>>> print(open('final_23.tsv').read())   # TSV, N, CA and C atoms
chain	number	residue	atom	x	y	z
A	12	MET	N	216.03	209.73	-1.51
A	12	MET	CA	216.02	208.27	-1.39
A	12	MET	C	214.62	207.71	-1.66
A	13	THR	N	213.58	208.44	-1.22
A	13	THR	CA	212.22	207.95	-1.43
A	13	THR	C	211.88	207.90	-2.91
A	14	ALA	N	212.40	208.80	-3.71
A	14	ALA	CA	212.12	208.81	-5.14
A	14	ALA	C	212.80	207.62	-5.83
A	15	LEU	N	213.90	207.16	-5.29
A	15	LEU	CA	214.61	206.03	-5.87
A	15	LEU	C	214.00	204.68	-5.48
A	16	ARG	N	213.26	204.67	-4.42
A	16	ARG	CA	212.71	203.40	-3.91
A	16	ARG	C	211.87	202.66	-4.96
A	17	PRO	N	210.91	203.30	-5.66
A	17	PRO	CA	210.15	202.55	-6.68
A	17	PRO	C	211.04	202.00	-7.79
A	18	ILE	N	212.05	202.74	-8.15
A	18	ILE	CA	212.96	202.28	-9.20
A	18	ILE	C	213.75	201.06	-8.72
A	19	LEU	N	214.22	201.11	-7.48
A	19	LEU	CA	214.96	199.98	-6.92
A	19	LEU	C	214.07	198.75	-6.79
A	20	LEU	N	212.82	198.95	-6.38
A	20	LEU	CA	211.88	197.82	-6.28
A	20	LEU	C	211.62	197.21	-7.65
A	21	LEU	N	211.45	198.04	-8.67
A	21	LEU	CA	211.23	197.55	-10.03
A	21	LEU	C	212.43	196.76	-10.53
A	22	LEU	N	213.62	197.30	-10.32
A	22	LEU	CA	214.83	196.59	-10.76
A	22	LEU	C	214.99	195.26	-10.04
A	23	THR	N	214.67	195.23	-8.77
A	23	THR	CA	214.74	193.98	-8.01
A	23	THR	C	213.73	192.97	-8.56
A	24	ALA	N	212.52	193.42	-8.80
A	24	ALA	CA	211.48	192.52	-9.33
A	24	ALA	C	211.85	191.98	-10.70
A	25	LEU	N	212.43	192.82	-11.54
A	25	LEU	CA	212.82	192.37	-12.87
A	25	LEU	C	213.96	191.37	-12.84
A	26	SER	N	214.78	191.42	-11.82
A	26	SER	CA	215.93	190.50	-11.75
A	26	SER	C	215.55	189.15	-11.16
A	27	LEU	N	214.42	189.02	-10.48
A	27	LEU	CA	214.05	187.76	-9.84
A	27	LEU	C	213.88	186.60	-10.80
A	28	PRO	N	213.16	186.74	-11.92
A	28	PRO	CA	212.99	185.58	-12.79
A	28	PRO	C	214.31	185.02	-13.30
A	29	THR	N	215.27	185.85	-13.59
A	29	THR	CA	216.55	185.36	-14.11
A	29	THR	C	217.37	184.69	-13.02
A	30	ALA	N	217.11	185.03	-11.77
A	30	ALA	CA	217.85	184.41	-10.68
A	30	ALA	C	217.54	182.92	-10.59
A	31	PHE	N	216.34	182.53	-11.03
A	31	PHE	CA	215.93	181.13	-10.94
A	31	PHE	C	216.00	180.39	-12.27
A	32	ALA	N	216.27	181.11	-13.33
A	32	ALA	CA	216.33	180.47	-14.65
A	32	ALA	C	217.61	179.65	-14.78
A	33	ALA	N	217.49	178.53	-15.45
A	33	ALA	CA	218.65	177.66	-15.65
A	33	ALA	C	219.56	178.26	-16.71
A	34	ASP	N	220.83	177.97	-16.59
A	34	ASP	CA	221.83	178.43	-17.53
A	34	ASP	C	221.56	177.85	-18.92
A	35	ALA	N	221.58	178.73	-19.94
A	35	ALA	CA	221.27	178.32	-21.31
A	35	ALA	C	222.23	177.26	-21.84
A	36	THR	N	223.49	177.37	-21.51
A	36	THR	CA	224.49	176.39	-21.97
A	36	THR	C	224.21	175.03	-21.36
A	37	LEU	N	223.88	175.02	-20.08
A	37	LEU	CA	223.56	173.76	-19.40
A	37	LEU	C	222.30	173.14	-19.98
A	38	MET	N	221.31	173.98	-20.26
A	38	MET	CA	220.06	173.49	-20.86
A	38	MET	C	220.31	172.88	-22.23
A	39	SER	N	221.11	173.52	-23.04
A	39	SER	CA	221.42	173.02	-24.38
A	39	SER	C	222.14	171.67	-24.30
A	40	LYS	N	223.11	171.60	-23.41
A	40	LYS	CA	223.84	170.35	-23.21
A	40	LYS	C	222.88	169.25	-22.73
A	41	GLY	N	222.03	169.60	-21.77
A	41	GLY	CA	221.07	168.64	-21.24
A	41	GLY	C	220.10	168.14	-22.29
A	42	GLN	N	219.67	169.04	-23.17
A	42	GLN	CA	218.75	168.65	-24.24
A	42	GLN	C	219.40	167.64	-25.18
A	43	LYS	N	220.64	167.89	-25.56
A	43	LYS	CA	221.35	166.97	-26.47
A	43	LYS	C	221.51	165.59	-25.83
A	44	ILE	N	221.88	165.57	-24.57
A	44	ILE	CA	222.07	164.29	-23.88
A	44	ILE	C	220.73	163.58	-23.71
A	45	TYR	N	219.69	164.34	-23.36
A	45	TYR	CA	218.35	163.77	-23.23
A	45	TYR	C	217.91	163.12	-24.53
A	46	GLU	N	218.06	163.84	-25.63
A	46	GLU	CA	217.61	163.33	-26.93
A	46	GLU	C	218.37	162.08	-27.34
A	47	THR	N	219.62	161.97	-26.93
A	47	THR	CA	220.44	160.80	-27.25
A	47	THR	C	220.15	159.62	-26.33
A	48	ASN	N	219.92	159.88	-25.04
A	48	ASN	CA	219.85	158.80	-24.05
A	48	ASN	C	218.47	158.52	-23.47
A	49	CYS	N	217.57	159.46	-23.54
A	49	CYS	CA	216.30	159.32	-22.81
A	49	CYS	C	215.05	159.35	-23.69
A	50	ALA	N	215.13	160.07	-24.80
A	50	ALA	CA	213.95	160.31	-25.63
A	50	ALA	C	213.36	159.04	-26.23
A	51	ALA	N	214.16	158.03	-26.49
A	51	ALA	CA	213.64	156.79	-27.08
A	51	ALA	C	212.58	156.16	-26.18
A	52	CYS	N	212.73	156.28	-24.88
A	52	CYS	CA	211.76	155.72	-23.93
A	52	CYS	C	210.73	156.75	-23.46
A	53	HIS	N	211.19	157.93	-23.11
A	53	HIS	CA	210.31	158.93	-22.50
A	53	HIS	C	209.73	159.92	-23.49
A	54	GLY	N	210.13	159.83	-24.77
A	54	GLY	CA	209.60	160.73	-25.79
A	54	GLY	C	210.41	162.01	-25.90
A	55	LYS	N	210.48	162.54	-27.10
A	55	LYS	CA	211.27	163.75	-27.34
A	55	LYS	C	210.76	164.93	-26.53
A	56	LYS	N	209.46	164.97	-26.30
A	56	LYS	CA	208.87	166.07	-25.54
A	56	LYS	C	208.51	165.63	-24.12
A	57	GLY	N	209.04	164.49	-23.69
A	57	GLY	CA	208.78	164.00	-22.34
A	57	GLY	C	207.38	163.45	-22.15
A	58	GLU	N	206.73	163.08	-23.25
A	58	GLU	CA	205.33	162.64	-23.19
A	58	GLU	C	205.15	161.21	-22.70
A	59	GLY	N	206.23	160.44	-22.59
A	59	GLY	CA	206.14	159.05	-22.16
A	59	GLY	C	205.75	158.14	-23.30
A	60	ARG	N	205.85	156.83	-23.07
A	60	ARG	CA	205.51	155.85	-24.10
A	60	ARG	C	204.83	154.65	-23.43
A	61	GLY	N	203.57	154.48	-23.77
A	61	GLY	CA	202.84	153.30	-23.30
A	61	GLY	C	202.74	153.19	-21.79
A	62	VAL	N	202.67	151.94	-21.32
A	62	VAL	CA	202.53	151.68	-19.89
A	62	VAL	C	203.88	151.38	-19.22
A	63	MET	N	204.93	151.37	-20.00
A	63	MET	CA	206.25	151.06	-19.46
A	63	MET	C	207.06	152.31	-19.11
A	64	PHE	N	206.88	153.39	-19.88
A	64	PHE	CA	207.74	154.56	-19.73
A	64	PHE	C	206.91	155.79	-19.42
A	65	PRO	N	206.93	156.24	-18.17
A	65	PRO	CA	206.07	157.35	-17.76
A	65	PRO	C	206.50	158.69	-18.37
A	66	PRO	N	205.57	159.62	-18.41
A	66	PRO	CA	205.90	160.94	-18.93
A	66	PRO	C	206.81	161.70	-17.97
A	67	LEU	N	207.62	162.55	-18.53
A	67	LEU	CA	208.45	163.45	-17.74
A	67	LEU	C	207.92	164.88	-17.84
A	68	PHE	N	207.06	165.13	-18.81
A	68	PHE	CA	206.47	166.46	-18.98
A	68	PHE	C	205.38	166.64	-17.92
A	69	GLN	N	205.48	167.69	-17.14
A	69	GLN	CA	204.55	167.99	-16.06
A	69	GLN	C	204.24	166.74	-15.24
A	70	SER	N	205.27	166.08	-14.79
A	70	SER	CA	205.15	164.83	-14.05
A	70	SER	C	205.03	165.09	-12.55
A	71	ASN	N	203.93	164.66	-11.95
A	71	ASN	CA	203.78	164.87	-10.51
A	71	ASN	C	204.79	164.03	-9.72
A	72	TYR	N	205.38	163.06	-10.33
A	72	TYR	CA	206.38	162.21	-9.67
A	72	TYR	C	207.66	163.00	-9.37
A	73	ILE	N	208.00	163.93	-10.25
A	73	ILE	CA	209.25	164.69	-10.08
A	73	ILE	C	209.04	166.20	-9.94
A	74	ASN	N	207.81	166.69	-10.15
A	74	ASN	CA	207.56	168.12	-10.12
A	74	ASN	C	207.97	168.71	-8.77
A	75	LYS	N	208.88	169.67	-8.83
A	75	LYS	CA	209.43	170.35	-7.65
A	75	LYS	C	210.13	169.38	-6.70
A	76	LYS	N	210.54	168.23	-7.23
A	76	LYS	CA	211.25	167.22	-6.45
A	76	LYS	C	212.49	166.74	-7.21
A	77	PRO	N	213.45	167.64	-7.42
A	77	PRO	CA	214.63	167.23	-8.19
A	77	PRO	C	215.38	166.06	-7.56
A	78	GLN	N	215.29	165.92	-6.24
A	78	GLN	CA	215.97	164.80	-5.58
A	78	GLN	C	215.38	163.47	-6.01
A	79	VAL	N	214.07	163.42	-6.29
A	79	VAL	CA	213.43	162.19	-6.77
A	79	VAL	C	213.90	161.89	-8.18
A	80	LEU	N	213.98	162.91	-9.01
A	80	LEU	CA	214.51	162.72	-10.37
A	80	LEU	C	215.93	162.20	-10.32
A	81	LEU	N	216.76	162.80	-9.48
A	81	LEU	CA	218.16	162.36	-9.39
A	81	LEU	C	218.26	160.92	-8.88
A	82	GLN	N	217.45	160.57	-7.89
A	82	GLN	CA	217.46	159.19	-7.40
A	82	GLN	C	217.07	158.22	-8.50
A	83	SER	N	216.07	158.60	-9.29
A	83	SER	CA	215.65	157.75	-10.41
A	83	SER	C	216.77	157.56	-11.41
A	84	MET	N	217.51	158.63	-11.66
A	84	MET	CA	218.59	158.57	-12.65
A	84	MET	C	219.81	157.84	-12.12
A	85	THR	N	220.18	158.09	-10.87
A	85	THR	CA	221.42	157.51	-10.36
A	85	THR	C	221.25	156.10	-9.79
A	86	LYS	N	220.04	155.77	-9.32
A	86	LYS	CA	219.79	154.46	-8.73
A	86	LYS	C	218.94	153.56	-9.62
A	87	GLY	N	218.21	154.19	-10.56
A	87	GLY	CA	217.28	153.44	-11.39
A	87	GLY	C	215.96	153.23	-10.68
A	88	ILE	N	215.02	152.64	-11.39
A	88	ILE	CA	213.70	152.32	-10.83
A	88	ILE	C	213.36	150.91	-11.28
A	89	ASN	N	212.89	150.11	-10.34
A	89	ASN	CA	212.45	148.76	-10.66
A	89	ASN	C	211.19	148.49	-9.86
A	90	GLY	N	210.06	148.41	-10.55
A	90	GLY	CA	208.81	148.14	-9.87
A	90	GLY	C	207.79	149.22	-10.12
A	91	PRO	N	206.64	149.06	-9.46
A	91	PRO	CA	205.52	149.95	-9.75
A	91	PRO	C	205.71	151.36	-9.19
A	92	ILE	N	205.30	152.34	-9.99
A	92	ILE	CA	205.20	153.73	-9.57
A	92	ILE	C	203.92	154.29	-10.17
A	93	LYS	N	203.48	155.42	-9.66
A	93	LYS	CA	202.30	156.08	-10.21
A	93	LYS	C	202.74	157.48	-10.63
A	94	VAL	N	202.42	157.84	-11.86
A	94	VAL	CA	202.75	159.16	-12.40
A	94	VAL	C	201.50	159.77	-13.00
A	95	ASN	N	201.16	160.94	-12.52
A	95	ASN	CA	199.97	161.66	-12.99
A	95	ASN	C	198.73	160.78	-12.93
A	96	GLY	N	198.65	159.97	-11.87
A	96	GLY	CA	197.47	159.14	-11.65
A	96	GLY	C	197.46	157.80	-12.37
A	97	LYS	N	198.47	157.53	-13.19
A	97	LYS	CA	198.51	156.28	-13.94
A	97	LYS	C	199.62	155.37	-13.41
A	98	PRO	N	199.35	154.07	-13.33
A	98	PRO	CA	200.38	153.14	-12.86
A	98	PRO	C	201.38	152.78	-13.97
A	99	TYR	N	202.62	152.65	-13.58
A	99	TYR	CA	203.69	152.19	-14.47
A	99	TYR	C	204.46	151.13	-13.71
A	100	ASN	N	204.82	150.07	-14.41
A	100	ASN	CA	205.56	149.00	-13.77
A	100	ASN	C	206.64	148.53	-14.73
A	101	GLY	N	207.72	149.23	-14.73
A	101	GLY	CA	208.81	148.90	-15.64
A	101	GLY	C	210.14	148.92	-14.93
A	102	PHE	N	211.16	148.93	-15.71
A	102	PHE	CA	212.52	148.96	-15.20
A	102	PHE	C	213.29	150.06	-15.91
A	103	MET	N	213.90	150.91	-15.12
A	103	MET	CA	214.80	151.91	-15.67
A	103	MET	C	216.15	151.72	-14.99
A	104	PRO	N	217.16	151.39	-15.76
A	104	PRO	CA	218.48	151.21	-15.14
A	104	PRO	C	219.05	152.56	-14.72
A	105	SER	N	220.00	152.52	-13.82
A	105	SER	CA	220.69	153.76	-13.48
A	105	SER	C	221.44	154.24	-14.72
A	106	THR	N	221.61	155.54	-14.81
A	106	THR	CA	222.25	156.10	-16.00
A	106	THR	C	223.72	155.74	-16.06
A	107	ALA	N	224.20	155.63	-17.27
A	107	ALA	CA	225.60	155.29	-17.49
A	107	ALA	C	226.38	156.51	-17.97
A	108	ILE	N	225.91	157.70	-17.58
A	108	ILE	CA	226.61	158.93	-17.97
A	108	ILE	C	227.23	159.55	-16.72
A	109	ASN	N	228.20	160.42	-16.93
A	109	ASN	CA	228.90	161.01	-15.78
A	109	ASN	C	228.02	162.02	-15.04
A	110	ASP	N	228.45	162.38	-13.85
A	110	ASP	CA	227.65	163.25	-12.98
A	110	ASP	C	227.37	164.62	-13.59
A	111	ALA	N	228.31	165.18	-14.32
A	111	ALA	CA	228.09	166.48	-14.96
A	111	ALA	C	226.99	166.37	-16.01
A	112	ASP	N	226.97	165.27	-16.74
A	112	ASP	CA	225.93	165.06	-17.75
A	112	ASP	C	224.58	164.78	-17.10
A	113	VAL	N	224.56	164.05	-15.99
A	113	VAL	CA	223.32	163.82	-15.25
A	113	VAL	C	222.75	165.16	-14.79
A	114	ALA	N	223.60	166.03	-14.28
A	114	ALA	CA	223.16	167.35	-13.83
A	114	ALA	C	222.55	168.14	-14.98
A	115	ALA	N	223.17	168.08	-16.13
A	115	ALA	CA	222.66	168.81	-17.30
A	115	ALA	C	221.30	168.26	-17.73
A	116	VAL	N	221.16	166.94	-17.81
A	116	VAL	CA	219.90	166.32	-18.21
A	116	VAL	C	218.81	166.63	-17.18
A	117	ALA	N	219.13	166.50	-15.91
A	117	ALA	CA	218.15	166.77	-14.86
A	117	ALA	C	217.70	168.23	-14.90
A	118	THR	N	218.63	169.14	-15.14
A	118	THR	CA	218.27	170.55	-15.27
A	118	THR	C	217.34	170.74	-16.45
A	119	TYR	N	217.63	170.10	-17.55
A	119	TYR	CA	216.79	170.18	-18.74
A	119	TYR	C	215.38	169.65	-18.44
A	120	ILE	N	215.29	168.49	-17.82
A	120	ILE	CA	213.99	167.88	-17.52
A	120	ILE	C	213.18	168.75	-16.56
A	121	MET	N	213.83	169.30	-15.55
A	121	MET	CA	213.11	170.14	-14.58
A	121	MET	C	212.60	171.43	-15.21
A	122	ASN	N	213.30	171.95	-16.20
A	122	ASN	CA	212.92	173.22	-16.82
A	122	ASN	C	212.10	173.06	-18.09
A	123	ALA	N	212.59	172.30	-19.05
A	123	ALA	CA	211.93	172.19	-20.35
A	123	ALA	C	210.59	171.48	-20.26
A	124	PHE	N	210.42	170.61	-19.28
A	124	PHE	CA	209.20	169.84	-19.16
A	124	PHE	C	208.31	170.34	-18.02
A	125	ASN	N	208.53	171.58	-17.61
A	125	ASN	CA	207.66	172.26	-16.65
A	125	ASN	C	207.50	171.48	-15.35
A	126	ASN	N	208.63	171.17	-14.74
A	126	ASN	CA	208.63	170.43	-13.48
A	126	ASN	C	209.15	171.24	-12.30
A	127	GLY	N	209.02	172.53	-12.39
A	127	GLY	CA	209.42	173.38	-11.26
A	127	GLY	C	210.70	174.15	-11.47
A	128	GLY	N	211.43	173.85	-12.54
A	128	GLY	CA	212.63	174.62	-12.88
A	128	GLY	C	213.79	174.39	-11.93
A	129	GLY	N	214.74	175.31	-11.99
A	129	GLY	CA	215.93	175.24	-11.16
A	129	GLY	C	217.12	174.67	-11.89
A	130	THR	N	218.24	174.76	-11.24
A	130	THR	CA	219.49	174.24	-11.78
A	130	THR	C	219.98	173.12	-10.89
A	131	ILE	N	220.26	171.98	-11.47
A	131	ILE	CA	220.82	170.83	-10.76
A	131	ILE	C	222.32	170.87	-10.96
A	132	THR	N	223.06	170.75	-9.89
A	132	THR	CA	224.52	170.82	-9.97
A	132	THR	C	225.13	169.42	-9.89
A	133	GLU	N	226.39	169.35	-10.27
A	133	GLU	CA	227.13	168.10	-10.16
A	133	GLU	C	227.21	167.67	-8.69
A	134	ALA	N	227.31	168.63	-7.79
A	134	ALA	CA	227.33	168.32	-6.35
A	134	ALA	C	226.01	167.67	-5.91
A	135	ASP	N	224.89	168.16	-6.47
A	135	ASP	CA	223.58	167.54	-6.16
A	135	ASP	C	223.57	166.08	-6.60
A	136	VAL	N	224.14	165.82	-7.78
A	136	VAL	CA	224.17	164.44	-8.30
A	136	VAL	C	225.04	163.57	-7.40
A	137	LYS	N	226.18	164.09	-7.00
A	137	LYS	CA	227.08	163.31	-6.12
A	137	LYS	C	226.37	162.96	-4.81
A	138	LYS	N	225.61	163.89	-4.26
A	138	LYS	CA	224.84	163.61	-3.02
A	138	LYS	C	223.82	162.51	-3.25
A	139	SER	N	223.20	162.48	-4.43
A	139	SER	CA	222.16	161.48	-4.69
A	139	SER	C	222.73	160.07	-4.75
A	140	HIS	N	224.01	159.94	-5.06
A	140	HIS	CA	224.62	158.61	-5.10
A	140	HIS	C	224.63	157.97	-3.72
A	141	GLY	N	224.77	158.80	-2.70
A	141	GLY	CA	224.87	158.27	-1.33
A	141	GLY	C	223.54	157.99	-0.67
A	142	LYS	N	222.45	158.50	-1.23
A	142	LYS	CA	221.13	158.30	-0.61
A	142	LYS	C	220.54	156.97	-1.03
A	143	LYS	N	219.72	156.41	-0.15
A	143	LYS	CA	219.04	155.13	-0.44
A	143	LYS	C	217.65	155.38	-0.91
>>> encode(input="final_23.tsv", output="structure tokens")
Amino acid sequence: MTALRPILLLLTALSLPTAFAADATLMSKGQKIYETNCAACHGKKGEGRGVMFPPLFQSNYINKKPQVLLQSMTKGINGPIKVNGKPYNGFMPSTAINDADVAAVATYIMNAFNNGGGTITEADVKKSHGKK
């Protein structure tokens, strides 16, 4: 058993990164929806546009805070916020896409734009509708 222990530890370590990686199908779906619905304002690479539309790439506003991203998407934003040290004062309406699509886009934004990763589920989106 002692001889197998290093092998088991190695196999466990190798499996950890994939345990937290988002599903490729969900990411692909999220990217398509993002490019159709979000990129015009936030940029194709999440870089943001001007003083009205904050960046989503490495955004301290949503980094490791998927609930904040979901609230922004499901409730919208109206008024001043600060992202990466810069003020933004615009209006973002709540999304007009279904919860499954919101989950896909949020998963894409959290992973592709280096915001802490993870997978956002439709159940997570449904919960965000009830929060204030």
>>> atom_distance(input="final_23.tsv", atom1="atom CA of A:Leu67", atom2="atom CA of A:Gly54")
8.6 Å
>>> residues_around(input="final_23.tsv", residues="A:Phe124", least_positions_apart="4", cutoff="7 Å", atoms="only C-alpha atoms", output="list in words")
Gly57, Leu67, Phe68, Gln69 and Ile120 of chain A
>>> closest_residue(input="final_23.tsv", among="A:Thr118, A:Thr85, A:Gln78, A:Ser70", to="A:Lys97", atoms="only C-alpha atoms")
A:Ser70
>>> select_by_dssp(input="final_23.tsv", residues="chain A", states="alpha helix (DSSP H)", output="MDAnalysis selection string")
chainID A and resid 16:31 35:48 50:53 77:86 110:123 133:141
>>> atom_distance(input="final_23.tsv", atom1="atom C of A:Ile73", atom2="atom CA of A:Asn126")
5.5 Å
>>> atom_distance(input="final_23.tsv", atom1="atom CA of A:Gly41", atom2="atom CA of A:Tyr119")
5.2 Å
>>> closest_residue(input="final_23.tsv", among="A:Ser139, A:Ser39, A:Asn100, A:Asn109", to="A:Pro65", atoms="only C-alpha atoms")
A:Asn100
>>> closest_residue(input="final_23.tsv", among="A:Pro91, A:Gly141, A:Gly127, A:Pro98", to="A:Gly61", atoms="all atoms listed in the file")
A:Pro98
